Amino acid sequence: MRRYGAALLLLLSGAAVLRISLFSDLYLRYVQAGLRVYLVVSGLALVVLGLLAAVRATTTTTTEPPTETTATTGTYDGEHEGGDDPDHTPNHNHNHNPNHDDNHDHDHARTPRMAWLLAVPAAALLLFPPPALGSYSAGREAAQRAAQGVGTFPALPAGNPVDLTLGQFTSRAIYDSGRSLKGRTVRMTGFVTRGANGTWYLARLLITCCAADASTYKIQVKGADAPVNDTWVTVTGTWHPKGKLGSEEAWPPVLDATGVKTVKQPANPYERR
């Protein structure tokens, strides 16, 4: 069985990658949508390598010659080279070392036992894909703000409510000298993260490449009871001005909620820049 260790590890890893990238949208929990093709190619490559490794292990097993052990006896043969002396006793001195294994049954191609530990994360990803980053990651973030600086922003579309991303709302609330959010009703979707003293926030994570570089957009919600942590909700409300534009006091922006509706987590849980 150990001969097939490398093949099984490669096949398991390839199957896990293909499960989240080719057969589902689970890869969006970890990387941007544009990286899907690279994950699919990597998964297929791992599967092909695993199949090749399995074929090689099978071929090696079937072509390996059987090990034979030849026992040397000291039986006297009358025609033994050395004369007809009946008192002659053949001397078979092999200097046999009792500690030496004549069969030398060492398979250096076998997978080390510790290597099987590599199967644990692959199996976990295949069977139990971890969820997207949530309130814990958002709670660890320091103040995260858009980098445009104070200035004017384009006018918002007509009509209420206006659908905005958390990044768009945050940028306008903190940096827009034209106060384009004033008097407008906005609607945003994110997950719930709680703060101290009953405070709660609507949050969304932004990733540039993968989940490892995630940063947080977070908006304080007032006027509504806090749902359960990590619940996805759509919040409708109006901007609550706070602090001086571009200052630390303006962070995080505040929304006076007029409605909170529980929704299903979107296929892509991360914010787009």
# chains A, B, ... in the order shown; residues from 1 in each chain; ligands from 1
$ residues_around --residues "A:Ala7" --least-positions-apart "2" --cutoff "6 Å" --atoms "only C-alpha atoms" --output "PyMOL selection string"
chain A and resi 4-5+9-10+50+53-54
$ residues_around --residues "A:Asn160" --least-positions-apart "2" --cutoff "7 Å" --atoms "only C-alpha atoms" --output "ChimeraX atom specification"
/A:162,184-186
$ write_last_selection --atoms "N, CA and C atoms" --output "CSV table (one decimal), in the first residue's frame"
chain,number,residue,atom,x,y,z
A,162,VAL,N,-30.6,53.7,-3.1
A,162,VAL,CA,-29.5,53.6,-4.0
A,162,VAL,C,-28.7,52.4,-3.5
A,184,ARG,N,-30.0,61.0,1.2
A,184,ARG,CA,-30.2,59.8,0.3
A,184,ARG,C,-30.4,58.5,1.1
A,185,THR,N,-31.3,57.7,0.6
A,185,THR,CA,-31.5,56.4,1.2
A,185,THR,C,-30.6,55.4,0.5
A,186,VAL,N,-29.9,54.6,1.2
A,186,VAL,CA,-29.0,53.6,0.6
A,186,VAL,C,-29.3,52.2,1.0
$ closest_residue --among "A:Pro252, A:Leu156, A:Ser177, A:Leu11" --to "A:Ser42" --atoms "only C-alpha atoms"
A:Leu11
$ atom_distance --atom1 "atom CA of A:Asn197" --atom2 "atom CA of A:Ile219"
15.9 Å
$ atom_distance --atom1 "atom CA of A:Arg194" --atom2 "atom CA of A:Asn229"
6.5 Å
$ residues_around --residues "A:Gly246" --least-positions-apart "5" --cutoff "9 Å" --atoms "only C-alpha atoms" --output "list in words"
Gly149, Val150, Ile174, Tyr175, Asp176 and Trp251 of chain A
$ write_last_selection --atoms "N, CA, C and O atoms" --output "tab-separated table (two decimals), in the first residue's frame"
chain	number	residue	atom	x	y	z
A	149	GLY	N	-8.62	60.13	-0.76
A	149	GLY	CA	-8.39	61.45	-0.17
A	149	GLY	C	-9.65	62.29	-0.29
A	149	GLY	O	-10.58	61.97	-1.03
A	150	VAL	N	-9.71	63.40	0.46
A	150	VAL	CA	-10.88	64.27	0.46
A	150	VAL	C	-11.03	64.93	-0.91
A	150	VAL	O	-10.06	65.40	-1.50
A	174	ILE	N	-16.58	59.33	4.28
A	174	ILE	CA	-15.38	59.84	4.93
A	174	ILE	C	-14.66	60.91	4.10
A	174	ILE	O	-14.04	61.82	4.65
A	175	TYR	N	-14.77	60.85	2.76
A	175	TYR	CA	-13.94	61.72	1.94
A	175	TYR	C	-14.69	62.67	1.01
A	175	TYR	O	-14.08	63.54	0.41
A	176	ASP	N	-15.99	62.53	0.87
A	176	ASP	CA	-16.70	63.31	-0.12
A	176	ASP	C	-17.04	64.71	0.40
A	176	ASP	O	-17.95	64.88	1.22
A	251	TRP	N	-14.26	57.61	11.14
A	251	TRP	CA	-14.26	56.16	11.00
A	251	TRP	C	-14.79	55.50	12.26
A	251	TRP	O	-14.45	55.90	13.36
$ select_by_dssp --residues "stretch 144-249 of chain A" --states "strand (DSSP E or B)" --output "ChimeraX atom specification"
/A:151,162-163,176,185-194,200-206,210,215-222,232-240
$ residues_around --residues "A:Val260" --least-positions-apart "6" --cutoff "9 Å" --atoms "only C-alpha atoms" --output "list of chain:residue names"
A:Ala224, A:Asp225, A:Pro227, A:Val233, A:Thr234, A:Val235, A:Thr236, A:Gly237
$ decode --residues "stretch 133-264 of chain A" --atoms "C-alpha atoms" --output "PDB file, in the first residue's frame"
ATOM      1  CA  LEU A 133     -13.639  34.912   6.313  1.00  0.00           C
ATOM      2  CA  GLY A 134     -16.177  36.522   8.609  1.00  0.00           C
ATOM      3  CA  SER A 135     -16.672  38.603  11.728  1.00  0.00           C
ATOM      4  CA  TYR A 136     -13.500  37.366  13.428  1.00  0.00           C
ATOM      5  CA  SER A 137     -11.339  38.652  10.592  1.00  0.00           C
ATOM      6  CA  ALA A 138     -13.293  41.899  10.412  1.00  0.00           C
ATOM      7  CA  GLY A 139     -12.959  42.456  14.144  1.00  0.00           C
ATOM      8  CA  ARG A 140      -9.173  42.191  14.018  1.00  0.00           C
ATOM      9  CA  GLU A 141      -8.843  44.924  11.389  1.00  0.00           C
ATOM     10  CA  ALA A 142      -7.749  48.409  12.287  1.00  0.00           C
ATOM     11  CA  ALA A 143      -9.528  51.313  10.638  1.00  0.00           C
ATOM     12  CA  GLN A 144      -9.580  50.630   6.903  1.00  0.00           C
ATOM     13  CA  ARG A 145     -10.427  53.494   4.601  1.00  0.00           C
ATOM     14  CA  ALA A 146     -10.396  54.107   0.862  1.00  0.00           C
ATOM     15  CA  ALA A 147      -7.303  55.883  -0.397  1.00  0.00           C
ATOM     16  CA  GLN A 148      -8.829  58.565  -2.630  1.00  0.00           C
ATOM     17  CA  GLY A 149      -8.391  61.447  -0.173  1.00  0.00           C
ATOM     18  CA  VAL A 150     -10.884  64.269   0.456  1.00  0.00           C
ATOM     19  CA  GLY A 151     -12.515  65.558  -2.705  1.00  0.00           C
ATOM     20  CA  THR A 152     -15.666  65.534  -4.774  1.00  0.00           C
ATOM     21  CA  PHE A 153     -17.317  62.365  -6.029  1.00  0.00           C
ATOM     22  CA  PRO A 154     -19.620  61.768  -9.005  1.00  0.00           C
ATOM     23  CA  ALA A 155     -23.320  62.247  -8.324  1.00  0.00           C
ATOM     24  CA  LEU A 156     -25.270  59.217  -7.178  1.00  0.00           C
ATOM     25  CA  PRO A 157     -27.894  57.684  -9.483  1.00  0.00           C
ATOM     26  CA  ALA A 158     -31.405  59.053  -9.155  1.00  0.00           C
ATOM     27  CA  GLY A 159     -34.003  57.290  -7.036  1.00  0.00           C
ATOM     28  CA  ASN A 160     -34.132  55.773  -3.574  1.00  0.00           C
ATOM     29  CA  PRO A 161     -32.856  53.488  -2.261  1.00  0.00           C
ATOM     30  CA  VAL A 162     -29.477  53.571  -4.002  1.00  0.00           C
ATOM     31  CA  ASP A 163     -27.626  50.242  -4.026  1.00  0.00           C
ATOM     32  CA  LEU A 164     -24.025  50.746  -2.924  1.00  0.00           C
ATOM     33  CA  THR A 165     -21.138  48.544  -1.916  1.00  0.00           C
ATOM     34  CA  LEU A 166     -19.705  49.112   1.530  1.00  0.00           C
ATOM     35  CA  GLY A 167     -16.564  50.493  -0.084  1.00  0.00           C
ATOM     36  CA  GLN A 168     -18.523  53.072  -2.045  1.00  0.00           C
ATOM     37  CA  PHE A 169     -20.478  54.164   1.016  1.00  0.00           C
ATOM     38  CA  THR A 170     -17.342  54.331   3.155  1.00  0.00           C
ATOM     39  CA  SER A 171     -15.443  56.427   0.615  1.00  0.00           C
ATOM     40  CA  ARG A 172     -18.251  58.948   0.252  1.00  0.00           C
ATOM     41  CA  ALA A 173     -18.990  59.124   3.976  1.00  0.00           C
ATOM     42  CA  ILE A 174     -15.377  59.836   4.928  1.00  0.00           C
ATOM     43  CA  TYR A 175     -13.939  61.718   1.937  1.00  0.00           C
ATOM     44  CA  ASP A 176     -16.705  63.311  -0.123  1.00  0.00           C
ATOM     45  CA  SER A 177     -16.581  67.084   0.303  1.00  0.00           C
ATOM     46  CA  GLY A 178     -19.754  67.336  -1.797  1.00  0.00           C
ATOM     47  CA  ARG A 179     -21.730  65.331   0.789  1.00  0.00           C
ATOM     48  CA  SER A 180     -23.419  63.285  -1.932  1.00  0.00           C
ATOM     49  CA  LEU A 181     -24.884  60.880   0.665  1.00  0.00           C
ATOM     50  CA  LYS A 182     -26.812  63.588   2.485  1.00  0.00           C
ATOM     51  CA  GLY A 183     -30.553  63.008   2.325  1.00  0.00           C
ATOM     52  CA  ARG A 184     -30.246  59.826   0.277  1.00  0.00           C
ATOM     53  CA  THR A 185     -31.499  56.368   1.225  1.00  0.00           C
ATOM     54  CA  VAL A 186     -28.956  53.642   0.555  1.00  0.00           C
ATOM     55  CA  ARG A 187     -29.061  49.852   0.563  1.00  0.00           C
ATOM     56  CA  MET A 188     -26.071  47.596   1.249  1.00  0.00           C
ATOM     57  CA  THR A 189     -25.412  43.915   1.869  1.00  0.00           C
ATOM     58  CA  GLY A 190     -22.831  42.411   4.210  1.00  0.00           C
ATOM     59  CA  PHE A 191     -22.376  40.241   7.267  1.00  0.00           C
ATOM     60  CA  VAL A 192     -22.878  41.143  10.914  1.00  0.00           C
ATOM     61  CA  THR A 193     -20.031  41.671  13.325  1.00  0.00           C
ATOM     62  CA  ARG A 194     -20.538  42.863  16.878  1.00  0.00           C
ATOM     63  CA  GLY A 195     -18.624  45.444  18.872  1.00  0.00           C
ATOM     64  CA  ALA A 196     -18.669  46.517  22.508  1.00  0.00           C
ATOM     65  CA  ASN A 197     -21.727  47.786  24.423  1.00  0.00           C
ATOM     66  CA  GLY A 198     -24.254  46.381  21.979  1.00  0.00           C
ATOM     67  CA  THR A 199     -22.729  48.087  18.941  1.00  0.00           C
ATOM     68  CA  TRP A 200     -22.906  46.163  15.709  1.00  0.00           C
ATOM     69  CA  TYR A 201     -21.538  46.638  12.233  1.00  0.00           C
ATOM     70  CA  LEU A 202     -22.308  45.720   8.666  1.00  0.00           C
ATOM     71  CA  ALA A 203     -19.030  44.406   7.251  1.00  0.00           C
ATOM     72  CA  ARG A 204     -17.570  43.114   4.031  1.00  0.00           C
ATOM     73  CA  LEU A 205     -14.050  41.928   3.245  1.00  0.00           C
ATOM     74  CA  LEU A 206     -12.100  43.107   0.225  1.00  0.00           C
ATOM     75  CA  ILE A 207      -9.475  40.851  -1.326  1.00  0.00           C
ATOM     76  CA  THR A 208      -6.942  41.936  -3.926  1.00  0.00           C
ATOM     77  CA  CYS A 209      -5.636  38.472  -4.803  1.00  0.00           C
ATOM     78  CA  CYS A 210      -6.604  35.921  -2.166  1.00  0.00           C
ATOM     79  CA  ALA A 211      -8.039  35.657   1.351  1.00  0.00           C
ATOM     80  CA  ALA A 212      -4.595  36.181   2.868  1.00  0.00           C
ATOM     81  CA  ASP A 213      -4.597  39.880   1.893  1.00  0.00           C
ATOM     82  CA  ALA A 214      -8.184  40.618   2.976  1.00  0.00           C
ATOM     83  CA  SER A 215      -9.027  44.054   4.360  1.00  0.00           C
ATOM     84  CA  THR A 216     -12.272  45.236   5.920  1.00  0.00           C
ATOM     85  CA  TYR A 217     -15.030  47.696   5.160  1.00  0.00           C
ATOM     86  CA  LYS A 218     -17.150  48.199   8.251  1.00  0.00           C
ATOM     87  CA  ILE A 219     -20.188  50.438   8.848  1.00  0.00           C
ATOM     88  CA  GLN A 220     -21.805  51.008  12.232  1.00  0.00           C
ATOM     89  CA  VAL A 221     -25.554  50.397  12.162  1.00  0.00           C
ATOM     90  CA  LYS A 222     -27.881  52.327  14.480  1.00  0.00           C
ATOM     91  CA  GLY A 223     -31.601  52.072  15.049  1.00  0.00           C
ATOM     92  CA  ALA A 224     -31.949  48.297  14.656  1.00  0.00           C
ATOM     93  CA  ASP A 225     -31.333  45.273  16.870  1.00  0.00           C
ATOM     94  CA  ALA A 226     -28.186  43.321  16.148  1.00  0.00           C
ATOM     95  CA  PRO A 227     -28.696  40.001  14.319  1.00  0.00           C
ATOM     96  CA  VAL A 228     -26.553  36.978  15.152  1.00  0.00           C
ATOM     97  CA  ASN A 229     -22.843  37.304  14.402  1.00  0.00           C
ATOM     98  CA  ASP A 230     -21.883  36.393  10.818  1.00  0.00           C
ATOM     99  CA  THR A 231     -25.496  36.610   9.616  1.00  0.00           C
ATOM    100  CA  TRP A 232     -25.755  38.053   6.114  1.00  0.00           C
ATOM    101  CA  VAL A 233     -28.189  40.969   5.926  1.00  0.00           C
ATOM    102  CA  THR A 234     -29.275  43.734   3.588  1.00  0.00           C
ATOM    103  CA  VAL A 235     -29.558  47.030   5.449  1.00  0.00           C
ATOM    104  CA  THR A 236     -31.497  50.051   4.213  1.00  0.00           C
ATOM    105  CA  GLY A 237     -30.987  53.441   5.800  1.00  0.00           C
ATOM    106  CA  THR A 238     -29.522  56.944   5.680  1.00  0.00           C
ATOM    107  CA  TRP A 239     -26.050  58.261   6.313  1.00  0.00           C
ATOM    108  CA  HIS A 240     -25.393  59.635   9.802  1.00  0.00           C
ATOM    109  CA  PRO A 241     -22.637  62.316   9.491  1.00  0.00           C
ATOM    110  CA  LYS A 242     -19.838  61.921  12.007  1.00  0.00           C
ATOM    111  CA  GLY A 243     -16.473  63.617  12.559  1.00  0.00           C
ATOM    112  CA  LYS A 244     -14.397  65.754  10.239  1.00  0.00           C
ATOM    113  CA  LEU A 245     -13.885  64.585   6.668  1.00  0.00           C
ATOM    114  CA  GLY A 246     -10.771  62.439   6.315  1.00  0.00           C
ATOM    115  CA  SER A 247     -10.209  62.218  10.083  1.00  0.00           C
ATOM    116  CA  GLU A 248     -10.000  59.261  12.446  1.00  0.00           C
ATOM    117  CA  GLU A 249     -13.231  60.453  14.054  1.00  0.00           C
ATOM    118  CA  ALA A 250     -15.083  59.855  10.799  1.00  0.00           C
ATOM    119  CA  TRP A 251     -14.258  56.158  11.001  1.00  0.00           C
ATOM    120  CA  PRO A 252     -16.231  53.956  10.934  1.00  0.00           C
ATOM    121  CA  PRO A 253     -19.085  55.618   9.052  1.00  0.00           C
ATOM    122  CA  VAL A 254     -22.558  55.351  10.570  1.00  0.00           C
ATOM    123  CA  LEU A 255     -25.879  54.352   9.027  1.00  0.00           C
ATOM    124  CA  ASP A 256     -29.296  55.029  10.595  1.00  0.00           C
ATOM    125  CA  ALA A 257     -31.143  51.868   9.634  1.00  0.00           C
ATOM    126  CA  THR A 258     -34.755  51.854   8.478  1.00  0.00           C
ATOM    127  CA  GLY A 259     -34.787  48.164   7.569  1.00  0.00           C
ATOM    128  CA  VAL A 260     -32.696  45.018   8.108  1.00  0.00           C
ATOM    129  CA  LYS A 261     -33.413  41.884   6.082  1.00  0.00           C
ATOM    130  CA  THR A 262     -31.662  38.527   6.451  1.00  0.00           C
ATOM    131  CA  VAL A 263     -30.337  37.204   3.145  1.00  0.00           C
ATOM    132  CA  LYS A 264     -28.364  34.249   1.854  1.00  0.00           C
TER     133      LYS A 264
END
